[in-house]
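To start, the structure under review is shown below, and the notes come after it.
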Amino acid sequence: MSRLHLYVLAGVLALCGGLMFAYKAYVLQLPLYAGQRADVWRVETELHFTARGGPVKVTVQLPGATGRFQVIDQNFVSPGYGLTVAPGTAVNQRATFSIASASGPQVVYHRVVISRSATQDAQSRDPRPEVQRPDLSAPATVAAEEIVRAARQRAADPETLAALIAQRLREAAPGGEADFLVGRSPTVAQVVATTVDLLGLADVAARAVHGMALDLDRGNAKFVHWLEVYQDGRWRNVYVGEKQPGVVRNYLPWWRGRSAFATIEGGLDLSHRVTVSRSQDLSLKIALQHQRAAERRLAEFSLFGLPLQTQFLFRSLVVIPMGIFLLVVLRNVVGFKTFGTFMPVLIALAFRQTGLVWGIAFFAAIVAIGLSVRFYLERLKLLLVPRLAVGVMVVVLTIFVLTVLFHRLGFSRGLSLGLFPIVILTMTIERMSTVWEENGAREALQQAAGSLGVGVLTFLVMNLPQLEHLLFVFPELLLIVLAATLLLGRYSGYRLTELWRFRALAR
């Protein structure tokens, strides 16, 4: 095949990628920088349960009075289920999924799009709610009244009274009143519920709030809990779980009171998984503002139309071609020696989870231990397949021992060891031992250092937030990377390491 054909193919690919990128960047105005974020969030909830074979009814809480936020879109996916949405109280809403008969594992979905409200949180002045006194035992009442009395001496208003009571409960001293009520090391939810009871004894209206933190993208988000205290005609937030309670957080109120997030009738093992993602692409904003069919269809058939959990996976996948392109440059142009073709890229992916320093330490330790065992196995004269099988087992056992050891020493990074590609590490050990025997220790160590060096450089490139943002929002840029890789495929000139190797000849 002629060079002209290759150049034309690469040019067409680069042109298509450039035109699509220019259209999305300058016509659709998708953000070019990772910092350009809209105050729009998507929250997806998956409800998993097992039906018993008869009627099933699942009730789930919906965002109601959201304060500084507003619900701009909400939809449900529940094949075969009927759906009713009705307000439960003035501040809570509920959705009910129902079916006449179902059996086996079931799943239903709920997606809500949240936007920051254009107006401030200007709640109307509500009439003072009725305060309900808690039903406590006689010893619990004595302990609760003592905590309330001590807090009243330092509190200036109901808000500070709630904060002081919550602080006393969180810092429960052994054998004290707080320890009697909530025990040692109570959860935030326990502190919130008990504080509401104690404020009831003090004739202060309060309620528990359960919501979601919108600051970070999370694939398995947990609900957070705080208090709302009635003061001067308004409900005021008291963040029990914060070290600085006065700091305003991006907390989305979801539901209030003592009700559970979801309940089920006619089923077992009800669980939920919540995914939070802050919009970086503005595709939702475009669809809402312009309402052009082409733009809506483009958003639907892009990565942004996928479920959030899948989007998190693709944020890691889209940078792999860039890492492979860098690997091609380092091997064919610079002249790095590595074990295998794409092993450094896989090691770089593992570094994204463990961190660079810990990743290098783990890699060196596992390879060193595996190599020692490999030299011992050579004396046993095993065949290739059994020898590789033993190598895999040794790598797994090494990862297990190092994980437990680092966990006991208090290093949380050690828990990420299992993300290393076990088979790749095994083949690396096997390949290194072969090179060691055939070409000597120096050549084996050079190739090992080259593999680790390329993995580190690839990690540094793949871990750039701006690069991840561009390739996720504009995946057509991968066509340009593909074109450049095709052109490099015909490169047959000197490598940079060879210029250094033959420097004496150049003189």
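Naming scheme: A, B, ... for chains in displayed order of the structure tokens; residues 1 onward per chain; ligands 1 onward as shown.
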
Could you pull the residues within 9 Å of A:Thr428, counting only C-alpha atoms, minus those fewer than 5 positions along the same chain, as a ChimeraX atom specification?
-> /A:339-340,343,367,423,433,448

Using DSSP on the backbone coordinates, identify the residues of stretch 28-260 of chain A assigned to alpha helix (DSSP H); present them as a PyMOL selection string.
-> chain A and resi 138-152+158-170+177-182+188-201

Take the selection from the previous step and output its residues with N, CA and C atoms, as a short mmCIF file (atom, residue, chain, number, x, y, z; two decimals), in the first residue's frame.
data_model
loop_
_atom_site.label_atom_id
_atom_site.label_comp_id
_atom_site.auth_asym_id
_atom_site.auth_seq_id
_atom_site.Cartn_x
_atom_site.Cartn_y
_atom_site.Cartn_z
N ALA A 138 -37.57 6.55 82.02
CA ALA A 138 -37.23 7.45 83.12
C ALA A 138 -35.73 7.73 83.18
N PRO A 139 -34.83 6.72 83.10
CA PRO A 139 -33.40 7.04 83.13
C PRO A 139 -32.96 7.86 81.92
N ALA A 140 -33.50 7.56 80.73
CA ALA A 140 -33.14 8.33 79.55
C ALA A 140 -33.62 9.77 79.66
N THR A 141 -34.79 9.97 80.28
CA THR A 141 -35.30 11.33 80.45
C THR A 141 -34.39 12.14 81.36
N VAL A 142 -33.92 11.52 82.44
CA VAL A 142 -33.02 12.23 83.36
C VAL A 142 -31.73 12.62 82.64
N ALA A 143 -31.15 11.69 81.87
CA ALA A 143 -29.92 11.98 81.15
C ALA A 143 -30.15 13.08 80.11
N ALA A 144 -31.29 13.01 79.39
CA ALA A 144 -31.58 13.99 78.37
C ALA A 144 -31.77 15.38 78.97
N GLU A 145 -32.49 15.47 80.08
CA GLU A 145 -32.72 16.78 80.71
C GLU A 145 -31.41 17.39 81.21
N GLU A 146 -30.47 16.56 81.67
CA GLU A 146 -29.19 17.08 82.13
C GLU A 146 -28.40 17.66 80.96
N ILE A 147 -28.42 16.98 79.81
CA ILE A 147 -27.71 17.50 78.63
C ILE A 147 -28.35 18.81 78.17
N VAL A 148 -29.68 18.86 78.16
CA VAL A 148 -30.38 20.07 77.72
C VAL A 148 -30.09 21.23 78.68
N ARG A 149 -30.09 20.93 79.99
CA ARG A 149 -29.83 21.99 80.97
C ARG A 149 -28.43 22.57 80.79
N ALA A 150 -27.43 21.70 80.59
CA ALA A 150 -26.07 22.19 80.42
C ALA A 150 -25.93 22.99 79.12
N ALA A 151 -26.62 22.57 78.07
CA ALA A 151 -26.53 23.30 76.81
C ALA A 151 -27.24 24.65 76.87
N ARG A 152 -28.34 24.73 77.62
CA ARG A 152 -29.08 26.00 77.73
C ARG A 152 -28.23 27.10 78.36
N PRO A 158 -32.21 28.91 69.63
CA PRO A 158 -32.43 27.48 69.33
C PRO A 158 -31.37 26.87 68.41
N GLU A 159 -30.83 27.66 67.48
CA GLU A 159 -29.82 27.12 66.57
C GLU A 159 -28.55 26.72 67.31
N THR A 160 -28.06 27.59 68.17
CA THR A 160 -26.86 27.26 68.94
C THR A 160 -27.15 26.18 69.98
N LEU A 161 -28.37 26.14 70.50
CA LEU A 161 -28.74 25.07 71.42
C LEU A 161 -28.65 23.71 70.74
N ALA A 162 -29.15 23.63 69.51
CA ALA A 162 -29.08 22.38 68.76
C ALA A 162 -27.63 21.99 68.48
N ALA A 163 -26.79 22.97 68.12
CA ALA A 163 -25.39 22.67 67.84
C ALA A 163 -24.67 22.17 69.08
N LEU A 164 -24.95 22.77 70.23
CA LEU A 164 -24.28 22.35 71.46
C LEU A 164 -24.72 20.95 71.88
N ILE A 165 -26.00 20.66 71.77
CA ILE A 165 -26.48 19.32 72.12
C ILE A 165 -25.86 18.27 71.20
N ALA A 166 -25.84 18.57 69.91
CA ALA A 166 -25.25 17.62 68.96
C ALA A 166 -23.77 17.40 69.25
N GLN A 167 -23.06 18.48 69.60
CA GLN A 167 -21.64 18.35 69.92
C GLN A 167 -21.45 17.48 71.16
N ARG A 168 -22.30 17.66 72.15
CA ARG A 168 -22.21 16.85 73.38
C ARG A 168 -22.45 15.37 73.07
N LEU A 169 -23.38 15.09 72.18
CA LEU A 169 -23.67 13.71 71.84
C LEU A 169 -22.54 13.08 71.03
N ARG A 170 -21.96 13.85 70.13
CA ARG A 170 -20.87 13.32 69.30
C ARG A 170 -19.63 13.01 70.14
N GLU A 177 -23.89 11.07 80.42
CA GLU A 177 -25.28 11.05 79.95
C GLU A 177 -25.36 10.77 78.46
N ALA A 178 -24.45 11.40 77.66
CA ALA A 178 -24.48 11.18 76.22
C ALA A 178 -24.16 9.73 75.87
N ASP A 179 -23.23 9.13 76.61
CA ASP A 179 -22.90 7.72 76.38
C ASP A 179 -24.11 6.84 76.66
N PHE A 180 -24.89 7.20 77.64
CA PHE A 180 -26.08 6.43 77.98
C PHE A 180 -27.13 6.51 76.87
N LEU A 181 -27.23 7.67 76.21
CA LEU A 181 -28.26 7.87 75.19
C LEU A 181 -27.88 7.31 73.83
N VAL A 182 -26.64 7.53 73.39
CA VAL A 182 -26.26 7.15 72.02
C VAL A 182 -25.11 6.15 71.98
N VAL A 188 -23.73 9.74 62.62
CA VAL A 188 -24.35 11.05 62.46
C VAL A 188 -25.87 10.92 62.51
N ALA A 189 -26.41 9.87 61.90
CA ALA A 189 -27.86 9.67 61.91
C ALA A 189 -28.37 9.49 63.34
N GLN A 190 -27.63 8.75 64.18
CA GLN A 190 -28.05 8.59 65.58
C GLN A 190 -28.01 9.92 66.33
N VAL A 191 -26.96 10.70 66.09
CA VAL A 191 -26.85 11.99 66.76
C VAL A 191 -28.00 12.90 66.34
N VAL A 192 -28.32 12.91 65.06
CA VAL A 192 -29.41 13.77 64.57
C VAL A 192 -30.73 13.37 65.20
N ALA A 193 -31.05 12.08 65.19
CA ALA A 193 -32.34 11.64 65.74
C ALA A 193 -32.43 11.93 67.23
N THR A 194 -31.35 11.69 67.98
CA THR A 194 -31.37 11.95 69.42
C THR A 194 -31.45 13.45 69.71
N THR A 195 -30.77 14.26 68.90
CA THR A 195 -30.83 15.72 69.11
C THR A 195 -32.24 16.23 68.91
N VAL A 196 -32.96 15.68 67.92
CA VAL A 196 -34.36 16.08 67.71
C VAL A 196 -35.18 15.77 68.95
N ASP A 197 -34.97 14.60 69.55
CA ASP A 197 -35.70 14.25 70.78
C ASP A 197 -35.37 15.20 71.92
N LEU A 198 -34.10 15.52 72.10
CA LEU A 198 -33.70 16.39 73.20
C LEU A 198 -34.21 17.81 73.00
N LEU A 199 -34.25 18.26 71.74
CA LEU A 199 -34.82 19.59 71.50
C LEU A 199 -36.32 19.60 71.77
N GLY A 200 -36.97 18.45 71.58
CA GLY A 200 -38.39 18.36 71.93
C GLY A 200 -38.59 18.56 73.42
N LEU A 201 -37.68 18.03 74.25
CA LEU A 201 -37.76 18.28 75.68
C LEU A 201 -37.58 19.75 76.01
#

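When atom CA of A:Ile422 is paired with atom CA of A:Ile369, their separation reads 13.6 Å.
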
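Atom to atom, atom CA of A:Thr50 and atom CA of A:Val274 stand 18.5 Å apart.
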
Which parts of stretch 137-250 of chain A does DSSP call strand (DSSP E or B) when run on the backbone here, written out as a ChimeraX atom specification?
-> /A:206-213,218-221,224-231,234-238

Can you list, as a PyMOL selection string, every protein, DNA or RNA residue that comes within 9 Å of stretch 203-220 of chain A when you count only C-alpha atoms, leaving out same-chain residues fewer than 2 positions away?
-> chain A and resi 41+63+128-133+158+162+189+192-193+195-201+222-231+235+237+249-258+261+273-278+308-309+312

Please dump the current selection as a compact mmCIF listing (two decimals), in the first residue's frame; keep N, CA and C atoms.
# COMPACT_ATOMS: atom_id res chain seq x y z
N TRP A 41 -26.78 19.07 38.32
CA TRP A 41 -26.37 17.74 38.77
C TRP A 41 -27.39 16.71 38.33
N PRO A 63 -37.02 13.96 46.16
CA PRO A 63 -36.67 15.32 46.62
C PRO A 63 -37.90 16.21 46.65
N ARG A 128 -45.35 28.29 63.50
CA ARG A 128 -44.55 27.44 64.37
C ARG A 128 -45.16 26.06 64.45
N PRO A 129 -44.40 25.03 64.10
CA PRO A 129 -44.96 23.67 64.14
C PRO A 129 -45.15 23.20 65.57
N GLU A 130 -45.97 22.20 65.70
CA GLU A 130 -46.22 21.63 67.01
C GLU A 130 -45.02 20.79 67.43
N VAL A 131 -44.58 21.01 68.65
CA VAL A 131 -43.43 20.29 69.17
C VAL A 131 -43.92 19.03 69.86
N GLN A 132 -43.34 17.89 69.44
CA GLN A 132 -43.72 16.61 70.03
C GLN A 132 -42.65 16.18 71.02
N ARG A 133 -43.07 15.95 72.25
CA ARG A 133 -42.14 15.50 73.28
C ARG A 133 -41.86 14.02 73.07
N PRO A 158 -32.21 28.91 69.63
CA PRO A 158 -32.43 27.48 69.33
C PRO A 158 -31.37 26.87 68.41
N ALA A 162 -29.15 23.63 69.51
CA ALA A 162 -29.08 22.38 68.76
C ALA A 162 -27.63 21.99 68.48
N ALA A 189 -26.41 9.87 61.90
CA ALA A 189 -27.86 9.67 61.91
C ALA A 189 -28.37 9.49 63.34
N VAL A 192 -28.32 12.91 65.06
CA VAL A 192 -29.41 13.77 64.57
C VAL A 192 -30.73 13.37 65.20
N ALA A 193 -31.05 12.08 65.19
CA ALA A 193 -32.34 11.64 65.74
C ALA A 193 -32.43 11.93 67.23
N THR A 195 -30.77 14.26 68.90
CA THR A 195 -30.83 15.72 69.11
C THR A 195 -32.24 16.23 68.91
N VAL A 196 -32.96 15.68 67.92
CA VAL A 196 -34.36 16.08 67.71
C VAL A 196 -35.18 15.77 68.95
N ASP A 197 -34.97 14.60 69.55
CA ASP A 197 -35.70 14.25 70.78
C ASP A 197 -35.37 15.20 71.92
N LEU A 198 -34.10 15.52 72.10
CA LEU A 198 -33.70 16.39 73.20
C LEU A 198 -34.21 17.81 73.00
N LEU A 199 -34.25 18.26 71.74
CA LEU A 199 -34.82 19.59 71.50
C LEU A 199 -36.32 19.60 71.77
N GLY A 200 -36.97 18.45 71.58
CA GLY A 200 -38.39 18.36 71.93
C GLY A 200 -38.59 18.56 73.42
N LEU A 201 -37.68 18.03 74.25
CA LEU A 201 -37.76 18.28 75.68
C LEU A 201 -37.58 19.75 76.01
N LYS A 222 -23.44 8.23 49.45
CA LYS A 222 -24.18 7.93 50.67
C LYS A 222 -24.97 9.16 51.10
N PHE A 223 -26.10 8.90 51.74
CA PHE A 223 -26.90 10.00 52.24
C PHE A 223 -26.22 10.62 53.46
N VAL A 224 -26.32 11.92 53.55
CA VAL A 224 -25.82 12.65 54.71
C VAL A 224 -27.03 13.14 55.52
N HIS A 225 -26.78 13.45 56.78
CA HIS A 225 -27.87 13.79 57.69
C HIS A 225 -27.52 15.07 58.44
N TRP A 226 -28.50 15.92 58.62
CA TRP A 226 -28.32 17.12 59.42
C TRP A 226 -29.66 17.54 60.02
N LEU A 227 -29.67 18.67 60.70
CA LEU A 227 -30.85 19.14 61.42
C LEU A 227 -31.42 20.39 60.78
N GLU A 228 -32.71 20.55 60.92
CA GLU A 228 -33.37 21.83 60.68
C GLU A 228 -34.06 22.25 61.96
N VAL A 229 -33.74 23.45 62.42
CA VAL A 229 -34.28 23.98 63.68
C VAL A 229 -35.14 25.18 63.35
N TYR A 230 -36.33 25.23 63.93
CA TYR A 230 -37.25 26.34 63.69
C TYR A 230 -36.86 27.52 64.57
N GLN A 231 -36.57 28.65 63.91
CA GLN A 231 -36.17 29.85 64.64
C GLN A 231 -36.59 31.09 63.85
N TRP A 235 -36.86 27.70 59.03
CA TRP A 235 -36.08 26.52 59.37
C TRP A 235 -34.62 26.79 59.04
N ASN A 237 -30.54 25.44 59.09
CA ASN A 237 -29.75 24.21 59.01
C ASN A 237 -28.68 24.18 60.09
N ARG A 249 -22.80 24.14 52.78
CA ARG A 249 -22.41 23.05 51.90
C ARG A 249 -23.44 22.89 50.78
N ASN A 250 -22.99 22.23 49.68
CA ASN A 250 -23.91 21.88 48.61
C ASN A 250 -24.64 20.60 49.01
N TYR A 251 -25.50 20.72 49.99
CA TYR A 251 -26.27 19.59 50.46
C TYR A 251 -27.70 19.72 49.92
N LEU A 252 -28.10 18.71 49.16
CA LEU A 252 -29.46 18.69 48.61
C LEU A 252 -30.39 18.00 49.60
N PRO A 253 -31.36 18.71 50.19
CA PRO A 253 -32.34 18.04 51.06
C PRO A 253 -33.20 17.08 50.24
N TRP A 254 -33.31 15.86 50.71
CA TRP A 254 -34.06 14.85 49.95
C TRP A 254 -35.39 14.53 50.62
N TRP A 255 -35.33 14.17 51.90
CA TRP A 255 -36.56 13.98 52.65
C TRP A 255 -36.29 14.29 54.11
N ARG A 256 -37.36 14.46 54.88
CA ARG A 256 -37.26 14.89 56.27
C ARG A 256 -38.04 13.95 57.17
N GLY A 257 -37.62 13.88 58.40
CA GLY A 257 -38.32 13.04 59.36
C GLY A 257 -37.59 11.73 59.61
N ARG A 258 -38.29 10.81 60.24
CA ARG A 258 -37.70 9.52 60.63
C ARG A 258 -37.99 8.40 59.64
N PHE A 261 -35.56 5.72 53.56
CA PHE A 261 -35.49 6.18 52.18
C PHE A 261 -36.41 5.36 51.29
N ARG A 273 -28.55 2.09 45.34
CA ARG A 273 -27.26 2.63 44.93
C ARG A 273 -27.53 3.99 44.28
N VAL A 274 -26.85 5.02 44.78
CA VAL A 274 -27.06 6.39 44.31
C VAL A 274 -25.79 6.88 43.63
N THR A 275 -25.93 7.47 42.46
CA THR A 275 -24.81 8.02 41.70
C THR A 275 -25.05 9.50 41.47
N VAL A 276 -24.04 10.31 41.80
CA VAL A 276 -24.14 11.77 41.66
C VAL A 276 -23.08 12.22 40.66
N SER A 277 -23.49 13.05 39.71
CA SER A 277 -22.56 13.58 38.72
C SER A 277 -22.91 15.04 38.45
N ARG A 278 -21.88 15.88 38.54
CA ARG A 278 -22.07 17.29 38.22
C ARG A 278 -21.82 17.50 36.73
N LEU A 308 -24.91 7.15 34.58
CA LEU A 308 -23.78 7.81 35.23
C LEU A 308 -22.69 6.82 35.59
N GLN A 309 -23.07 5.62 36.04
CA GLN A 309 -22.06 4.65 36.41
C GLN A 309 -21.21 4.26 35.20
N PHE A 312 -18.67 7.07 34.37
CA PHE A 312 -17.46 7.03 35.18
C PHE A 312 -16.46 6.04 34.60
